[in-house]
Amino acid sequence: MSVNGGFVNDGEGGGGSATKKREQVRRVQSVVPVFISYITECSDEEFTLYGMPVQMVDIIGVLRNFDVQSTKATCLIEDQSGSIQAILWLETDGDSISALPPVKENCYVRVFGSIRTQDGSKMIMILKIIPIDDLNVVTHHRLQIIHAKVYAEKLATGGLPATQPVNHAAATNGTMSFGDIKINTPQENPHGLKPIQAKIMSLLKNTTNYMGMAKSEILAQFDSAQAREVRATLDFLLDEGHAYTTCDNDHYKATDGF
Amino acid sequence: MTIMSSGKQYSIVNGAQLPSFMGKNVSVIGVVAKYASAGSLSLTINTTDNIALTVNLNKPLDKDLNGEYIEVRGVCENAREGKIIKAEEYFSFNNTSFDAKSHNTLCKFVNSIPNGYSAKKN
């Protein structure tokens, strides 16, 4: 601590180490859905979810004590796990203050924001706040929280998320699957494709025809009730670049290297 | 050791899970089963797993409710006639349809993983 002074701070004496550390961390700005209790119970300067630094959070809760001042609005966001202070800076455009978000006190809101620590307690700098009047959004958000938590926990313990997910049997029934790698694409298989997409891709890849496979041939491989889904999937595979059309718009081939 | 600085914790539960949350703070989602006019102090809701609950409110309803999806936060109580929630607050939503199955899945997950409401390392 003695010789290093000035710019070359060894970290003991100030913010140097924190800055250095922050630079080492890639500027990951993923938005993580959390319960408010996850944030408030974290006593570290920087909020982490099982060691994964989180700068931006997505919370859904009830808006309380909404207090609008000249340059900012303060409020308390309360979900069923706890509550946290939040602040929204109002942009002033000359004399007029930008319109307040259409949110009401004591109603559900969704807040996207970054976490700040002030006087030892955490607060949210609101980047976006929107009213919620669809309960499905609340359920979906809560499922995402559980997914993010279990995923981060698995990552931290070194367990591969795709191996043996918690409650896997229960997870298979729909909106959310715990075994998936990508949080935002919950229903995909490990290759990133839904079952029907994967099936069509394997058909396209295995065709020996120079011109690829005709749409009618592909449709013949499926139940007639699935025709619509197959057509939509073909469009999807084209859009995503997994497949391309050959001699005309009705002949498909798989893109190489997939 | 964490003391919640403000705000209570409510467990997200469905009807079937209520018996194990007797006397505790719960958050229940259900559909208002019987017409309740503004001013009434009690509601009947059907939970996402189709269990009828009586909700006693701490203040009169400020609007008529019938068929709305609501979230009730309060304390689970057991009385002679069955399950009762002593509500501190309720929130009504504009849903015309609600994915009850997913909500039941959520209830199952949140109460079966260790420390659902906490992200602390054990």
# chains A, B, ... in the order shown; residues from 1 in each chain; ligands from 1
>>> interface_residues(of="chain A", to="chain B", cutoff="9 Å", atoms="only C-alpha atoms", output="PyMOL selection string")
chain A and resi 35-42+49-50+78-84+106-108+132-136+139-140+142-143+146+149-150+153+166-167+170-171+173-176
>>> residues_around(residues="Arg110 in chain A", least_positions_apart="4", cutoff="10 Å", atoms="only C-alpha atoms", output="short mmCIF file (atom, residue, chain, number, x, y, z; two decimals) with C-alpha atoms, in the first residue's frame")
data_model
loop_
_atom_site.label_atom_id
_atom_site.label_comp_id
_atom_site.auth_asym_id
_atom_site.auth_seq_id
_atom_site.Cartn_x
_atom_site.Cartn_y
_atom_site.Cartn_z
CA ASP A 58 -37.27 -6.49 -14.76
CA ILE A 59 -39.71 -6.34 -11.86
CA ILE A 60 -43.46 -6.42 -11.64
CA GLY A 61 -45.12 -5.02 -8.57
CA VAL A 62 -47.59 -2.59 -7.14
CA LEU A 63 -46.87 1.10 -7.40
CA ILE A 77 -42.49 -0.78 -5.96
CA VAL A 103 -49.38 4.49 -14.30
CA LYS A 128 -39.18 2.26 -18.30
CA ILE A 129 -42.36 1.85 -16.33
CA ILE A 130 -45.56 0.52 -17.83
CA PRO A 131 -48.94 -0.38 -16.37
CA ILE A 132 -49.93 -4.06 -16.30
CA VAL A 137 -48.03 -11.17 -17.91
CA VAL A 138 -47.64 -11.39 -14.13
CA HIS A 141 -42.88 -12.88 -15.29
#
>>> atom_distance(atom1="CA of Pro33 in chain A", atom2="CA of Ile126 in chain A")
14.3 Å
>>> atom_distance(atom1="CA of Thr48 in chain B", atom2="CA of Val32 in chain B")
11.1 Å
>>> atom_distance(atom1="CA of Asp62 in chain B", atom2="CA of Leu100 in chain A")
25.7 Å
>>> residues_around(residues="Thr233 in chain A", least_positions_apart="6", cutoff="9 Å", atoms="only C-alpha atoms", output="ChimeraX atom specification")
/A:196-197,200
>>> decode(residues="range 224-237 of chain A", atoms="all heavy atoms", output="PDB file, in the first residue's frame")
ATOM      1  N   SER A 224     -52.267 -34.310 -42.561  1.00  0.00           N
ATOM      2  CA  SER A 224     -52.846 -33.175 -43.283  1.00  0.00           C
ATOM      3  C   SER A 224     -53.274 -32.060 -42.343  1.00  0.00           C
ATOM      4  O   SER A 224     -53.295 -30.888 -42.710  1.00  0.00           O
ATOM      5  CB  SER A 224     -54.026 -33.647 -44.124  1.00  0.00           C
ATOM      6  OG  SER A 224     -54.979 -34.251 -43.278  1.00  0.00           O
ATOM      7  N   ALA A 225     -53.576 -32.408 -41.097  1.00  0.00           N
ATOM      8  CA  ALA A 225     -53.982 -31.378 -40.138  1.00  0.00           C
ATOM      9  C   ALA A 225     -52.830 -30.439 -39.816  1.00  0.00           C
ATOM     10  O   ALA A 225     -53.022 -29.317 -39.350  1.00  0.00           O
ATOM     11  CB  ALA A 225     -54.485 -32.033 -38.859  1.00  0.00           C
ATOM     12  N   GLN A 226     -51.608 -30.893 -40.053  1.00  0.00           N
ATOM     13  CA  GLN A 226     -50.442 -30.087 -39.720  1.00  0.00           C
ATOM     14  C   GLN A 226     -49.986 -29.199 -40.870  1.00  0.00           C
ATOM     15  O   GLN A 226     -49.015 -28.464 -40.729  1.00  0.00           O
ATOM     16  CB  GLN A 226     -49.281 -31.001 -39.323  1.00  0.00           C
ATOM     17  CG  GLN A 226     -49.367 -31.547 -37.910  1.00  0.00           C
ATOM     18  CD  GLN A 226     -48.145 -32.385 -37.598  1.00  0.00           C
ATOM     19  OE1 GLN A 226     -47.953 -33.447 -38.187  1.00  0.00           O
ATOM     20  NE2 GLN A 226     -47.312 -31.918 -36.695  1.00  0.00           N
ATOM     21  N   ALA A 227     -50.706 -29.289 -42.009  1.00  0.00           N
ATOM     22  CA  ALA A 227     -50.235 -28.607 -43.217  1.00  0.00           C
ATOM     23  C   ALA A 227     -49.943 -27.129 -42.966  1.00  0.00           C
ATOM     24  O   ALA A 227     -48.908 -26.599 -43.384  1.00  0.00           O
ATOM     25  CB  ALA A 227     -51.273 -28.764 -44.320  1.00  0.00           C
ATOM     26  N   ARG A 228     -50.851 -26.506 -42.248  1.00  0.00           N
ATOM     27  CA  ARG A 228     -50.696 -25.071 -42.017  1.00  0.00           C
ATOM     28  C   ARG A 228     -49.428 -24.781 -41.206  1.00  0.00           C
ATOM     29  O   ARG A 228     -48.644 -23.898 -41.532  1.00  0.00           O
ATOM     30  CB  ARG A 228     -51.924 -24.581 -41.251  1.00  0.00           C
ATOM     31  CG  ARG A 228     -52.120 -23.114 -41.381  1.00  0.00           C
ATOM     32  CD  ARG A 228     -53.438 -22.739 -40.791  1.00  0.00           C
ATOM     33  NE  ARG A 228     -53.349 -21.381 -40.316  1.00  0.00           N
ATOM     34  CZ  ARG A 228     -54.308 -20.778 -39.656  1.00  0.00           C
ATOM     35  NH1 ARG A 228     -55.422 -21.400 -39.375  1.00  0.00           N
ATOM     36  NH2 ARG A 228     -54.154 -19.538 -39.269  1.00  0.00           N
ATOM     37  N   GLU A 229     -49.238 -25.630 -40.191  1.00  0.00           N
ATOM     38  CA  GLU A 229     -48.074 -25.459 -39.322  1.00  0.00           C
ATOM     39  C   GLU A 229     -46.787 -25.701 -40.106  1.00  0.00           C
ATOM     40  O   GLU A 229     -45.784 -25.001 -39.938  1.00  0.00           O
ATOM     41  CB  GLU A 229     -48.185 -26.440 -38.153  1.00  0.00           C
ATOM     42  CG  GLU A 229     -47.365 -26.057 -36.951  1.00  0.00           C
ATOM     43  CD  GLU A 229     -47.429 -27.117 -35.854  1.00  0.00           C
ATOM     44  OE1 GLU A 229     -48.350 -27.967 -35.891  1.00  0.00           O
ATOM     45  OE2 GLU A 229     -46.545 -27.096 -35.005  1.00  0.00           O
ATOM     46  N   VAL A 230     -46.834 -26.706 -41.003  1.00  0.00           N
ATOM     47  CA  VAL A 230     -45.661 -27.024 -41.811  1.00  0.00           C
ATOM     48  C   VAL A 230     -45.313 -25.840 -42.714  1.00  0.00           C
ATOM     49  O   VAL A 230     -44.147 -25.441 -42.826  1.00  0.00           O
ATOM     50  CB  VAL A 230     -45.911 -28.297 -42.660  1.00  0.00           C
ATOM     51  CG1 VAL A 230     -44.789 -28.511 -43.658  1.00  0.00           C
ATOM     52  CG2 VAL A 230     -46.040 -29.513 -41.760  1.00  0.00           C
ATOM     53  N   ARG A 231     -46.358 -25.255 -43.326  1.00  0.00           N
ATOM     54  CA  ARG A 231     -46.106 -24.101 -44.205  1.00  0.00           C
ATOM     55  C   ARG A 231     -45.482 -22.955 -43.414  1.00  0.00           C
ATOM     56  O   ARG A 231     -44.519 -22.334 -43.847  1.00  0.00           O
ATOM     57  CB  ARG A 231     -47.405 -23.628 -44.857  1.00  0.00           C
ATOM     58  CG  ARG A 231     -47.890 -24.593 -45.923  1.00  0.00           C
ATOM     59  CD  ARG A 231     -48.878 -23.932 -46.876  1.00  0.00           C
ATOM     60  NE  ARG A 231     -49.382 -24.923 -47.814  1.00  0.00           N
ATOM     61  CZ  ARG A 231     -50.503 -25.631 -47.604  1.00  0.00           C
ATOM     62  NH1 ARG A 231     -51.234 -25.417 -46.527  1.00  0.00           N
ATOM     63  NH2 ARG A 231     -50.877 -26.527 -48.491  1.00  0.00           N
ATOM     64  N   ALA A 232     -46.035 -22.701 -42.240  1.00  0.00           N
ATOM     65  CA  ALA A 232     -45.516 -21.615 -41.411  1.00  0.00           C
ATOM     66  C   ALA A 232     -44.079 -21.898 -41.003  1.00  0.00           C
ATOM     67  O   ALA A 232     -43.228 -21.005 -40.991  1.00  0.00           O
ATOM     68  CB  ALA A 232     -46.396 -21.438 -40.175  1.00  0.00           C
ATOM     69  N   THR A 233     -43.802 -23.168 -40.696  1.00  0.00           N
ATOM     70  CA  THR A 233     -42.458 -23.538 -40.283  1.00  0.00           C
ATOM     71  C   THR A 233     -41.472 -23.357 -41.435  1.00  0.00           C
ATOM     72  O   THR A 233     -40.348 -22.882 -41.236  1.00  0.00           O
ATOM     73  CB  THR A 233     -42.436 -25.001 -39.789  1.00  0.00           C
ATOM     74  OG1 THR A 233     -43.431 -25.148 -38.782  1.00  0.00           O
ATOM     75  CG2 THR A 233     -41.092 -25.370 -39.219  1.00  0.00           C
ATOM     76  N   LEU A 234     -41.909 -23.732 -42.649  1.00  0.00           N
ATOM     77  CA  LEU A 234     -41.040 -23.539 -43.818  1.00  0.00           C
ATOM     78  C   LEU A 234     -40.710 -22.062 -43.988  1.00  0.00           C
ATOM     79  O   LEU A 234     -39.559 -21.684 -44.233  1.00  0.00           O
ATOM     80  CB  LEU A 234     -41.720 -24.088 -45.076  1.00  0.00           C
ATOM     81  CG  LEU A 234     -41.638 -25.609 -45.252  1.00  0.00           C
ATOM     82  CD1 LEU A 234     -42.533 -26.069 -46.388  1.00  0.00           C
ATOM     83  CD2 LEU A 234     -40.191 -26.040 -45.519  1.00  0.00           C
ATOM     84  N   ASP A 235     -41.739 -21.218 -43.834  1.00  0.00           N
ATOM     85  CA  ASP A 235     -41.499 -19.776 -43.935  1.00  0.00           C
ATOM     86  C   ASP A 235     -40.491 -19.333 -42.885  1.00  0.00           C
ATOM     87  O   ASP A 235     -39.586 -18.548 -43.157  1.00  0.00           O
ATOM     88  CB  ASP A 235     -42.823 -19.001 -43.736  1.00  0.00           C
ATOM     89  CG  ASP A 235     -43.725 -19.143 -44.952  1.00  0.00           C
ATOM     90  OD1 ASP A 235     -43.194 -19.537 -46.016  1.00  0.00           O
ATOM     91  OD2 ASP A 235     -44.933 -18.873 -44.831  1.00  0.00           O
ATOM     92  N   PHE A 236     -40.671 -19.879 -41.683  1.00  0.00           N
ATOM     93  CA  PHE A 236     -39.773 -19.519 -40.597  1.00  0.00           C
ATOM     94  C   PHE A 236     -38.334 -19.924 -40.925  1.00  0.00           C
ATOM     95  O   PHE A 236     -37.396 -19.152 -40.779  1.00  0.00           O
ATOM     96  CB  PHE A 236     -40.228 -20.190 -39.295  1.00  0.00           C
ATOM     97  CG  PHE A 236     -39.245 -20.073 -38.170  1.00  0.00           C
ATOM     98  CD1 PHE A 236     -39.198 -18.926 -37.386  1.00  0.00           C
ATOM     99  CD2 PHE A 236     -38.354 -21.108 -37.889  1.00  0.00           C
ATOM    100  CE1 PHE A 236     -38.280 -18.808 -36.356  1.00  0.00           C
ATOM    101  CE2 PHE A 236     -37.434 -20.987 -36.862  1.00  0.00           C
ATOM    102  CZ  PHE A 236     -37.392 -19.837 -36.091  1.00  0.00           C
ATOM    103  N   LEU A 237     -38.170 -21.168 -41.409  1.00  0.00           N
ATOM    104  CA  LEU A 237     -36.825 -21.673 -41.702  1.00  0.00           C
ATOM    105  C   LEU A 237     -36.165 -20.856 -42.812  1.00  0.00           C
ATOM    106  O   LEU A 237     -34.958 -20.602 -42.781  1.00  0.00           O
ATOM    107  CB  LEU A 237     -36.885 -23.160 -42.092  1.00  0.00           C
ATOM    108  CG  LEU A 237     -37.324 -24.113 -40.977  1.00  0.00           C
ATOM    109  CD1 LEU A 237     -37.532 -25.519 -41.508  1.00  0.00           C
ATOM    110  CD2 LEU A 237     -36.292 -24.143 -39.847  1.00  0.00           C
TER     111      LEU A 237
END
